[in-house]
$ cat structure-v9.txt   # compact mmCIF, C-alpha atoms
# COMPACT_ATOMS: atom_id res chain seq x y z
CA MET A 284 -27.84 -2.22 12.11
CA PRO A 285 -24.55 -4.14 12.58
CA GLY A 286 -22.69 -3.80 15.84
CA THR A 287 -20.29 -1.00 16.66
CA ILE A 288 -17.07 -0.83 18.63
CA GLN A 289 -19.11 0.24 21.65
CA ASP A 290 -21.08 -2.99 21.40
CA THR A 291 -17.83 -4.91 21.89
CA ASN A 292 -16.95 -2.88 25.00
CA ASP A 293 -13.96 -1.23 23.30
CA PHE A 294 -14.54 2.50 23.45
CA TRP A 295 -11.21 3.31 21.87
CA LEU A 296 -8.48 1.52 19.95
CA ARG A 297 -4.72 1.64 20.26
CA LEU A 298 -2.91 2.18 16.99
CA ASP A 299 -1.52 -1.07 15.63
CA ASN A 300 2.24 -1.49 15.54
CA ALA A 301 2.61 -0.41 11.88
CA ALA A 302 0.32 2.61 12.30
CA LYS A 303 2.23 4.22 15.16
CA ILE A 304 4.79 5.93 12.92
CA TYR A 305 2.33 7.66 10.57
CA PRO A 306 0.95 10.40 12.88
CA ALA A 307 4.56 11.44 13.55
CA ILE A 308 5.47 11.87 9.87
CA LYS A 309 2.30 12.86 8.04
CA ASP A 310 1.90 16.35 6.63
CA LYS A 311 0.23 18.06 3.68
CA GLU A 312 2.60 16.43 1.17
CA LEU A 313 3.65 13.21 2.92
CA THR A 314 0.05 12.19 3.55
CA SER A 315 0.38 8.41 4.15
CA VAL A 316 -2.85 8.10 2.13
CA PHE A 317 -3.32 5.50 -0.60
CA ARG A 318 -6.12 4.80 -3.07
CA ILE A 319 -7.82 1.71 -4.49
CA GLY A 320 -10.25 2.36 -7.34
CA VAL A 321 -12.43 0.31 -9.65
CA GLN A 322 -13.69 1.31 -13.08
CA LEU A 323 -17.02 -0.26 -13.99
CA LYS A 324 -18.33 -0.84 -17.48
CA GLU A 325 -21.39 1.32 -16.82
CA ARG A 326 -21.84 4.75 -15.25
CA ILE A 327 -22.48 4.77 -11.48
CA LYS A 328 -26.17 4.95 -10.56
CA ALA A 329 -26.35 7.57 -7.84
CA LYS A 330 -29.49 6.35 -6.04
CA GLN A 331 -28.33 2.75 -5.78
CA PHE A 332 -24.79 3.76 -4.82
CA LEU A 333 -25.94 6.01 -1.98
CA ALA A 334 -28.22 3.20 -0.80
CA ALA A 335 -25.23 0.85 -0.77
CA ILE A 336 -23.18 3.30 1.30
CA HIS A 337 -26.08 3.66 3.74
CA ALA A 338 -26.32 -0.14 4.00
CA ILE A 339 -22.68 -0.51 5.12
CA GLU A 340 -22.65 2.47 7.54
CA GLY A 341 -22.36 0.30 10.64
CA ARG A 342 -20.32 -2.57 9.20
CA PHE A 343 -16.86 -1.03 9.66
CA PRO A 344 -16.85 0.75 13.05
CA TYR A 345 -13.06 0.41 13.33
CA TYR A 346 -12.74 2.75 10.32
CA LYS A 347 -15.28 5.29 11.57
CA VAL A 348 -12.82 6.71 14.07
CA LYS A 349 -10.85 9.88 14.70
CA LEU A 350 -7.20 10.17 15.66
CA LYS A 351 -6.67 11.51 19.17
CA ALA A 352 -3.49 12.38 21.02
CA GLY A 353 -3.00 11.08 24.54
CA PHE A 354 -0.10 11.96 26.81
CA PHE A 355 1.90 8.86 25.85
CA TRP A 356 0.36 7.51 22.61
CA TYR A 357 -2.08 8.39 19.84
CA TYR A 358 -5.31 6.40 19.87
CA LEU A 359 -8.48 5.98 17.79
CA GLU A 360 -11.82 7.17 19.14
CA PRO A 361 -15.16 6.10 17.57
CA ALA A 362 -16.85 8.91 15.64
CA ASP A 363 -20.57 8.96 14.95
CA VAL A 364 -20.11 10.58 11.53
CA PRO A 365 -21.87 9.36 8.37
CA ILE A 366 -19.77 8.15 5.44
CA SER A 367 -19.79 10.90 2.83
CA VAL A 368 -19.53 10.36 -0.91
CA GLN A 369 -17.41 12.98 -2.66
CA PRO A 370 -16.84 13.83 -6.32
CA ASP A 371 -13.41 12.71 -7.51
CA VAL A 372 -12.11 16.03 -8.81
CA LYS A 373 -8.92 16.68 -6.83
CA THR A 374 -5.40 15.27 -6.58
CA PRO A 375 -5.35 11.65 -5.37
CA CYS A 376 -4.18 10.70 -1.89
CA ARG A 377 -4.68 14.12 -0.28
CA ALA A 378 -4.22 14.60 3.45
CA PHE A 379 -7.23 14.28 5.72
CA GLN A 380 -8.46 17.13 7.86
CA ASN A 381 -7.54 17.07 11.52
CA ASN A 382 -10.22 15.61 13.79
CA GLY A 383 -12.06 14.02 10.85
CA LEU A 384 -12.49 10.51 9.46
CA MET A 385 -9.38 9.06 7.87
CA PHE A 386 -10.96 7.50 4.81
CA ARG A 387 -13.08 8.80 1.95
CA VAL A 388 -15.30 7.42 -0.81
CA LEU A 389 -15.00 9.09 -4.21
CA VAL A 390 -17.05 8.78 -7.40
CA LYS A 391 -16.46 9.98 -10.95
CA LYS A 392 -18.54 8.78 -13.91
CA ASN A 393 -18.06 4.99 -13.85
CA THR A 394 -15.23 4.90 -11.27
CA ILE A 395 -15.47 4.26 -7.52
CA SER A 396 -12.42 4.94 -5.36
CA VAL A 397 -11.66 4.65 -1.67
CA GLU A 398 -8.75 6.42 0.00
CA PHE A 399 -7.40 5.39 3.39
CA SER A 400 -4.79 6.66 5.78
CA HIS A 401 -2.25 3.98 6.64
CA ILE A 402 -3.08 4.83 10.25
CA LEU A 403 -6.24 2.76 9.72
CA THR A 404 -5.27 -0.11 7.47
CA ASP A 405 -3.18 -1.51 4.64
CA GLY A 406 -4.13 -2.37 1.06
CA THR A 407 -5.85 -5.61 2.05
CA GLY A 408 -8.18 -3.92 4.54
CA ALA A 409 -9.04 -1.09 2.14
CA PHE A 410 -9.73 -3.58 -0.65
CA GLU A 411 -12.13 -5.58 1.54
CA PHE A 412 -13.99 -2.35 2.29
CA LEU A 413 -14.26 -1.50 -1.42
CA LYS A 414 -15.27 -5.09 -2.20
CA THR A 415 -18.17 -4.84 0.23
CA ILE A 416 -19.34 -1.56 -1.33
CA LEU A 417 -19.22 -3.13 -4.78
CA MET A 418 -21.09 -6.25 -3.73
CA VAL A 419 -23.90 -4.26 -2.09
CA TYR A 420 -24.05 -1.77 -4.98
CA PHE A 421 -24.42 -4.52 -7.60
CA GLU A 422 -27.07 -6.14 -5.43
CA LYS A 423 -29.00 -2.84 -5.22
CA CYS A 424 -28.79 -2.60 -9.03
CA GLY A 425 -30.08 -6.15 -9.41
CA GLN A 426 -26.88 -7.05 -11.28
CA ALA A 427 -25.27 -9.62 -9.03
CA PRO A 428 -26.28 -12.55 -6.80
CA ALA A 429 -26.42 -12.36 -3.01
CA PRO A 430 -22.98 -12.33 -1.36
CA GLY A 431 -21.29 -15.64 -0.78
CA PRO A 432 -18.21 -16.68 1.21
CA GLY A 433 -15.28 -14.30 1.05
CA PHE A 434 -17.42 -11.17 1.44
CA LEU A 435 -18.09 -9.18 4.60
CA HIS A 436 -21.88 -9.19 4.73
CA PRO A 437 -23.24 -5.72 5.61
CA GLU A 438 -25.88 -7.16 7.97
CA GLU A 439 -23.37 -9.09 10.06
CA SER A 440 -21.77 -7.55 13.12
CA PRO A 441 -17.98 -7.21 12.85
CA SER A 442 -16.03 -9.85 14.70
CA LYS A 443 -13.51 -8.77 17.31
CA GLU A 444 -10.77 -10.32 15.17
CA GLU A 445 -11.44 -7.74 12.44
CA TYR A 446 -9.98 -4.96 14.56
CA GLU A 447 -7.27 -6.87 16.39
CA ASP A 448 -3.61 -5.87 16.26
CA GLY A 449 -2.20 -8.85 14.40
CA TYR A 450 1.37 -7.89 15.28
CA ASN A 451 0.67 -8.16 19.00
CA ARG A 452 -1.32 -11.36 18.54
CA TYR A 453 1.60 -13.10 16.88
CA PHE A 454 4.35 -11.44 18.91
CA LYS A 455 6.93 -13.86 20.28
CA LYS A 456 10.01 -12.53 22.03
CA ILE A 457 13.13 -13.27 19.97
CA ASP A 458 16.51 -11.95 21.09
CA ALA A 459 18.30 -11.09 17.86
CA ARG A 460 19.87 -7.75 17.01
CA PRO A 461 19.05 -6.39 13.55
CA LEU A 462 21.95 -6.23 11.11
CA LYS A 463 23.13 -2.79 10.09
CA THR A 464 21.92 -1.98 6.57
CA PRO A 465 24.06 0.33 4.39
CA LYS A 466 22.36 3.33 2.80
CA ALA A 467 20.81 2.84 -0.63
CA PHE A 468 20.93 4.71 -3.93
CA HIS A 469 18.16 7.25 -4.59
CA VAL A 470 17.16 8.81 -7.88
CA PRO A 471 18.85 12.23 -8.37
CA PHE A 472 15.80 14.01 -9.81
CA ARG A 473 14.71 17.51 -8.80
CA LEU A 474 11.50 17.81 -6.80
CA ASN A 475 8.27 19.18 -8.24
CA PRO A 476 6.97 22.44 -6.77
CA VAL A 477 4.25 22.02 -4.14
CA PRO A 478 1.84 20.27 -4.56
CA ARG A 479 4.34 17.68 -5.72
CA PHE A 480 2.43 14.41 -6.13
CA ASP A 481 1.89 13.18 -9.66
CA ILE A 482 0.91 9.78 -11.04
CA LEU A 483 1.55 7.88 -14.23
CA THR A 484 -0.54 4.80 -14.96
CA ALA A 485 -0.01 2.07 -17.55
CA ILE A 486 -2.09 -0.96 -18.44
CA VAL A 487 -0.13 -4.10 -19.24
CA THR A 488 -1.51 -7.30 -20.74
CA ALA A 489 -1.60 -9.61 -17.72
CA GLU A 490 -1.35 -12.84 -19.71
CA ALA A 491 1.84 -11.66 -21.45
CA ILE A 492 3.65 -10.46 -18.32
CA ILE A 493 2.71 -13.54 -16.29
CA LYS A 494 3.95 -15.74 -19.14
CA LYS A 495 7.24 -13.82 -19.14
CA ALA A 496 7.59 -14.19 -15.35
CA LYS A 497 7.05 -17.94 -15.69
CA GLU A 498 9.81 -18.08 -18.32
CA TYR A 499 12.16 -16.78 -15.63
CA GLU A 500 10.54 -19.17 -13.11
CA VAL A 501 9.58 -16.40 -10.72
CA SER A 502 6.36 -14.85 -9.39
CA LEU A 503 4.88 -11.70 -10.88
CA THR A 504 5.98 -9.65 -7.85
CA GLU A 505 9.53 -10.97 -8.12
CA TYR A 506 9.59 -10.18 -11.84
CA LEU A 507 8.32 -6.62 -11.34
CA THR A 508 10.81 -6.05 -8.53
CA ALA A 509 13.63 -7.20 -10.81
CA VAL A 510 12.43 -4.84 -13.55
CA TYR A 511 12.39 -1.97 -11.06
CA LEU A 512 15.95 -2.76 -9.93
CA TYR A 513 17.11 -3.00 -13.54
CA SER A 514 15.49 0.37 -14.29
CA LEU A 515 17.17 1.96 -11.28
CA GLN A 516 20.50 0.59 -12.50
CA GLN A 517 19.84 2.27 -15.85
CA VAL A 518 19.07 5.57 -14.11
CA TYR A 519 22.29 5.25 -12.11
CA GLY A 520 24.19 4.64 -15.36
CA LEU A 521 22.81 7.86 -16.89
CA GLY A 522 24.15 9.95 -14.02
CA SER A 523 27.11 12.26 -14.30
CA PHE A 524 30.59 11.25 -13.13
CA PHE A 525 30.09 13.35 -9.98
CA GLN A 526 26.67 11.76 -9.25
CA LYS A 527 28.14 8.27 -9.57
CA ARG A 528 31.05 9.14 -7.31
CA THR A 529 28.80 10.57 -4.59
CA SER A 530 25.84 8.14 -4.84
CA HIS A 531 25.40 5.09 -2.66
CA LYS A 532 25.87 1.88 -4.65
CA MET A 533 23.23 -0.36 -3.07
CA LEU A 534 19.92 -0.65 -4.92
CA ARG A 535 17.10 -2.04 -2.79
CA ILE A 536 13.35 -2.30 -3.24
CA GLU A 537 10.88 -2.38 -0.37
CA VAL A 538 8.31 -5.09 -1.15
CA PRO A 539 5.36 -5.28 1.31
CA VAL A 540 4.31 -8.77 2.42
CA ASN A 541 0.72 -9.51 3.48
CA LEU A 542 1.17 -11.34 6.80
CA ARG A 543 -2.36 -12.76 6.71
CA ARG A 544 -1.01 -15.39 4.33
CA MET A 545 1.48 -16.59 6.96
CA PHE A 546 -0.33 -15.89 10.21
CA PRO A 547 -4.10 -16.58 10.06
CA SER A 548 -5.98 -13.40 10.88
CA ARG A 549 -9.14 -11.63 9.78
CA THR A 550 -7.82 -8.25 10.85
CA MET A 551 -8.91 -5.28 8.77
CA ARG A 552 -6.16 -3.11 10.18
CA ASN A 553 -2.50 -3.03 9.15
CA PHE A 554 -0.90 -6.45 9.05
CA SER A 555 2.03 -6.39 6.66
CA LEU A 556 5.79 -6.15 6.76
CA TYR A 557 8.36 -5.85 4.00
CA VAL A 558 11.40 -7.47 2.47
CA LEU A 559 14.32 -5.64 0.84
CA PRO A 560 15.76 -7.48 -2.17
CA GLY A 561 18.60 -5.60 -3.85
CA ILE A 562 21.88 -5.55 -5.76
CA ASP A 563 25.30 -4.03 -5.04
CA LEU A 564 26.64 -1.93 -7.89
CA ARG A 565 30.12 -1.99 -6.38
CA LEU A 566 30.31 -5.50 -7.85
CA GLY A 567 29.72 -4.21 -11.36
CA TYR A 568 26.88 -4.13 -13.89
CA TYR A 569 24.08 -6.70 -13.56
CA THR A 570 22.27 -8.32 -16.48
CA PHE A 571 18.54 -8.72 -16.04
CA ASP A 572 18.97 -12.49 -15.76
CA GLU A 573 21.36 -11.95 -12.85
CA ILE A 574 18.97 -9.52 -11.15
CA VAL A 575 15.90 -11.71 -11.46
CA LYS A 576 17.76 -14.75 -10.06
CA SER A 577 19.08 -12.69 -7.15
CA VAL A 578 15.63 -11.22 -6.38
CA TYR A 579 14.04 -14.68 -6.42
CA HIS A 580 16.50 -16.15 -3.91
CA GLN A 581 16.47 -13.08 -1.65
CA MET A 582 12.69 -13.01 -1.47
CA GLN A 583 12.48 -16.74 -0.81
CA LEU A 584 14.87 -16.29 2.09
CA GLU A 585 13.46 -13.06 3.52
CA THR A 586 9.85 -14.31 3.50
CA ASP A 587 10.78 -17.29 5.67
CA LYS A 588 8.28 -17.42 8.52
CA LYS A 589 10.98 -17.48 11.19
CA LEU A 590 12.65 -14.35 9.79
CA ILE A 591 9.28 -12.58 9.57
CA SER A 592 8.61 -13.56 13.20
CA LYS A 593 11.95 -11.96 14.11
CA MET A 594 10.86 -8.72 12.42
CA ILE A 595 7.54 -8.76 14.30
CA SER A 596 9.44 -9.33 17.55
CA ARG A 597 11.85 -6.46 16.86
CA ASN A 598 9.06 -4.01 16.00
CA VAL A 599 6.69 -4.89 18.84
CA SER A 600 9.43 -5.21 21.47
CA GLY A 601 10.33 -1.55 21.00
CA GLU A 602 6.89 -0.27 21.94
CA ARG A 603 6.68 -2.65 24.94
CA LYS A 604 9.83 -1.38 26.63
CA THR A 605 9.02 0.31 29.95
CA PHE A 606 11.23 3.30 29.12
CA ILE A 607 9.55 3.88 25.75
CA ARG A 608 6.05 3.54 27.20
CA GLY A 609 6.80 6.25 29.73
CA VAL A 610 8.14 8.80 27.24
CA PRO A 611 5.71 11.68 26.45
CA LEU A 612 4.08 11.66 23.03
CA PHE A 613 5.87 14.72 21.65
CA ILE A 614 9.25 13.09 22.31
CA LYS A 615 8.06 9.75 20.84
CA SER A 616 6.89 11.57 17.71
CA PHE A 617 10.27 13.23 17.25
CA ILE A 618 12.08 9.90 17.68
CA LEU A 619 9.70 8.10 15.29
CA SER A 620 10.10 10.76 12.60
CA ARG A 621 13.88 10.41 12.83
CA LEU A 622 13.65 6.62 12.64
CA TYR A 623 11.41 6.89 9.58
CA SER A 624 13.92 9.14 7.82
CA LEU A 625 16.78 6.76 8.64
CA GLY A 626 14.71 3.77 7.55
CA THR A 627 13.85 5.17 4.13
CA LYS A 628 17.54 5.78 3.43
CA GLN A 629 17.95 1.99 3.34
CA TYR A 630 15.89 1.40 0.18
CA SER A 631 15.65 2.95 -3.27
CA GLY A 632 11.98 2.45 -4.11
CA VAL A 633 8.77 0.55 -3.36
CA VAL A 634 6.88 -2.06 -5.37
CA THR A 635 3.56 -3.11 -3.81
CA ASN A 636 1.29 -5.65 -5.51
CA LEU A 637 -2.36 -5.86 -4.48
CA GLY A 638 -2.54 -9.19 -6.30
CA LYS A 639 -4.93 -10.73 -8.80
CA ILE A 640 -8.55 -9.77 -8.15
CA ASP A 641 -11.34 -12.21 -9.05
CA PHE A 642 -14.97 -11.97 -7.90
CA GLY A 643 -16.36 -14.79 -10.02
CA SER A 644 -17.83 -14.69 -13.51
CA GLU A 645 -21.02 -12.69 -12.87
CA MET A 646 -19.44 -9.76 -11.00
CA ASN A 647 -16.32 -9.82 -13.16
CA LEU A 648 -18.41 -9.03 -16.24
CA LEU A 649 -19.43 -5.70 -14.69
CA ILE A 650 -15.87 -4.47 -14.05
CA ASP A 651 -13.24 -3.11 -16.43
CA HIS A 652 -10.16 -2.78 -14.17
CA PHE A 653 -8.80 -1.87 -10.74
CA ILE A 654 -6.17 0.73 -9.91
CA PHE A 655 -3.93 0.94 -6.84
CA ILE A 656 -2.29 4.33 -6.19
CA PRO A 657 0.50 4.30 -3.59
CA PRO A 658 0.89 7.01 -0.95
CA PRO A 659 2.98 10.01 -2.04
CA PRO A 660 6.66 9.07 -1.53
CA ASN A 661 8.89 11.15 0.69
CA THR A 662 11.64 13.44 -0.55
CA ILE A 663 14.24 10.68 -0.15
CA ILE A 664 12.57 7.90 -2.17
CA LYS A 665 10.81 10.31 -4.61
CA VAL A 666 9.18 7.57 -6.76
CA ASN A 667 7.18 4.44 -5.89
CA CYS A 668 5.02 1.87 -7.64
CA ALA A 669 1.78 -0.04 -6.99
CA VAL A 670 0.14 -2.80 -9.03
CA ALA A 671 -3.33 -4.34 -9.28
CA GLY A 672 -4.40 -7.16 -11.57
CA PHE A 673 -7.90 -7.93 -12.85
CA ASP A 674 -8.98 -10.13 -15.75
CA ASN A 675 -6.32 -9.63 -18.46
CA LYS A 676 -5.31 -6.15 -17.28
CA LEU A 677 -2.43 -5.43 -14.95
CA VAL A 678 -2.53 -1.76 -13.95
CA ILE A 679 0.84 -0.32 -12.90
CA THR A 680 0.81 3.07 -11.19
CA PHE A 681 3.86 5.17 -10.38
CA GLY A 682 3.68 7.87 -7.72
CA ASN A 683 6.26 10.59 -8.34
CA ILE A 684 7.15 13.91 -6.68
CA THR A 685 9.92 14.89 -9.12
CA THR A 686 10.22 16.68 -12.46
CA SER A 687 11.50 13.54 -14.21
CA LYS A 688 9.74 10.46 -15.60
CA GLU A 689 13.01 8.73 -16.52
CA LEU A 690 12.53 5.83 -14.11
CA GLU A 691 9.02 5.15 -15.42
CA ARG A 692 10.32 5.38 -19.00
CA GLN A 693 13.05 2.85 -18.30
CA PHE A 694 10.60 0.49 -16.58
CA LEU A 695 7.93 0.54 -19.31
CA THR A 696 10.46 0.51 -22.14
CA PHE A 697 11.98 -2.65 -20.67
CA LEU A 698 8.56 -4.35 -20.57
CA THR A 699 7.93 -3.39 -24.19
CA GLY A 700 11.34 -4.81 -25.12
CA GLU A 701 10.31 -8.07 -23.47
CA GLY A 702 7.37 -8.28 -25.87
CA ILE A 703 4.79 -7.23 -23.27
CA PRO A 704 2.08 -4.87 -24.62
CA VAL A 705 1.97 -1.61 -22.62
CA LYS A 706 -0.62 1.14 -22.91
CA LEU A 707 -0.11 4.46 -21.15
CA MET A 708 -3.41 5.18 -19.49
CA LYS A 709 -3.21 8.49 -17.73
CA VAL A 710 -0.85 11.20 -16.62
CA ASN A 711 -2.08 13.67 -13.98
CA LYS A 712 -0.35 16.99 -13.64
$ encode --input "structure-v9.txt" --output "structure tokens"
Amino acid sequence: MPGTIQDTNDFWLRLDNAAKIYPAIKDKELTSVFRIGVQLKERIKAKQFLAAIHAIEGRFPYYKVKLKAGFFWYYLEPADVPISVQPDVKTPCRAFQNNGLMFRVLVKKNTISVEFSHILTDGTGAFEFLKTILMVYFEKCGQAPAPGPGFLHPEESPSKEEYEDGYNRYFKKIDARPLKTPKAFHVPFRLNPVPRFDILTAIVTAEAIIKKAKEYEVSLTEYLTAVYLYSLQQVYGLGSFFQKRTSHKMLRIEVPVNLRRMFPSRTMRNFSLYVLPGIDLRLGYYTFDEIVKSVYHQMQLETDKKLISKMISRNVSGERKTFIRGVPLFIKSFILSRLYSLGTKQYSGVVTNLGKIDFGSEMNLLIDHFIFIPPPPNTIIKVNCAVAGFDNKLVITFGNITTSKELERQFLTFLTGEGIPVKLMKVNK
């Protein structure tokens, strides 16, 4: 059996820098839980799948933990609890029970999904976990070769680097005050009754949308961010005279950045930050060409390694201050929840791209598509978006807690107008 956290002499783990805010804000609706799923071309074989889960039981000890509250900080305590496999019959991204594991494995027909609390990890870590399950499952079914490089082998002990806090590893003190960011526009839609979270998923032809992004000489993420900003501008334009007069005029999108691509790390915990490209409607109406050019230049600037290092310094410095370290947890939680609320007022939406997934020809033939469902947005942002690409399918999922699908309609209608085939896949209600 692979090693555990105890084997590495770490009997508990501090929350990483990004995770610290989530215990303070999470509740039944704002769960901080996201999902990554894969639909296979054949129905899941129960015996082989359960054998695969059993085979990886000890491979991810840093996920088999429970959240505990200390006097000054929350921390993660190892939990000797088996990984359970549950039927996928309820609303996605539900909250986890107190004092239980903060991830789950779900199965329905030919679909495997994993859901994780952001307290544990980000999309990259959750995807690596799902990738290991898939690899072992296919091996148990005799459908795929033995794992090669790029996979976490279930018989290997986890390295200490897998559960490091990447933010602290790459922390370098930089004295630079953050600039004040004006509040952003938010969609004026009414909230759904509880439970609010709803998803809308569309499949887009990957070849067509990547070709279109190349025509604008931008990346896929930059193109999608520009489309989201353009769609928000359309929503703003549909508002009443009173809504326009009282709304903030800045449109900004939070775009997560995987820091492992800048700062070498094998961490399976959170290790991402974000950039905030946007447009200022006080300057007038923007054509899509103007938006896409602006997004490109803003993202090139904001993903500069020195600027990212400044963000890491700002975030980590706060928790290292002697005064902050000595404040009791209940006061810290109140402060963090207020900071979260203020922070989300600075952006209008979220676009997170898991990236293009490719396992190689043999495993690829067994898979139809992947889906990435973002955590339920809060009552300020109201709508968010997550994307996953596999083969010639780009799956775009909107998370929404309102009664309106106008933003999604604007987004998908724009893609169709660009000559990109779009197929609405599923609407949960």
$ residues_around --input "structure-v9.txt" --residues "Tyr346 of chain A" --least-positions-apart "3" --cutoff "10 Å" --atoms "only C-alpha atoms" --output "PyMOL selection string"
chain A and resi 341-343+349+359-362+384-386+399-400+402-404+408-409+412+446+551-552
$ atom_distance --input "structure-v9.txt" --atom1 "atom CA of Val558 of chain A" --atom2 "atom CA of His580 of chain A"
11.9 Å
$ atom_distance --input "structure-v9.txt" --atom1 "atom CA of Val348 of chain A" --atom2 "atom CA of Arg608 of chain A"
23.2 Å
$ closest_residue --input "structure-v9.txt" --among "A:Leu534, A:Asn475, A:Glu438, A:Pro306" --to "Leu566 of chain A" --atoms "only C-alpha atoms"
A:Leu534
$ closest_residue --input "structure-v9.txt" --among "A:Asp371, A:Glu411, A:Asp587, A:Glu325" --to "Val388 of chain A" --atoms "all atoms listed in the file"
A:Asp371
$ closest_residue --input "structure-v9.txt" --among "A:Gly353, A:Gly520, A:Pro471, A:Pro375" --to "Ile654 of chain A" --atoms "only C-alpha atoms"
A:Pro375
$ residues_around --input "structure-v9.txt" --residues "Glu500 of chain A" --least-positions-apart "3" --cutoff "12 Å" --atoms "all atoms listed in the file" --output "PyMOL selection string"
chain A and resi 493-497+503-506+572+575-576+578-580
$ atom_distance --input "structure-v9.txt" --atom1 "atom CA of Tyr630 of chain A" --atom2 "atom CA of Ile319 of chain A"
24.2 Å
$ axis_aligned_box --input "structure-v9.txt" --around "segment 679-689 of chain A" --padding-each-side "6 Å" --output "AutoDock Vina command-line options"
--center_x 6.9 --center_y 8.2 --center_z -11.6 --size_x 24.2 --size_y 29.0 --size_z 21.8
$ residues_around --input "structure-v9.txt" --residues "Leu619 of chain A" --least-positions-apart "2" --cutoff "12 Å" --atoms "all atoms listed in the file" --output "list in words"
Ala301, Ala302, Lys303, Ile304, Tyr305, Pro306, Ala307, Ile308, Lys309, Trp356, Gly601, Glu602, Ile607, Leu612, Phe613, Ile614, Lys615, Ser616, Phe617, Arg621, Leu622, Tyr623, Ser624, Leu625 and Gly626 of chain A
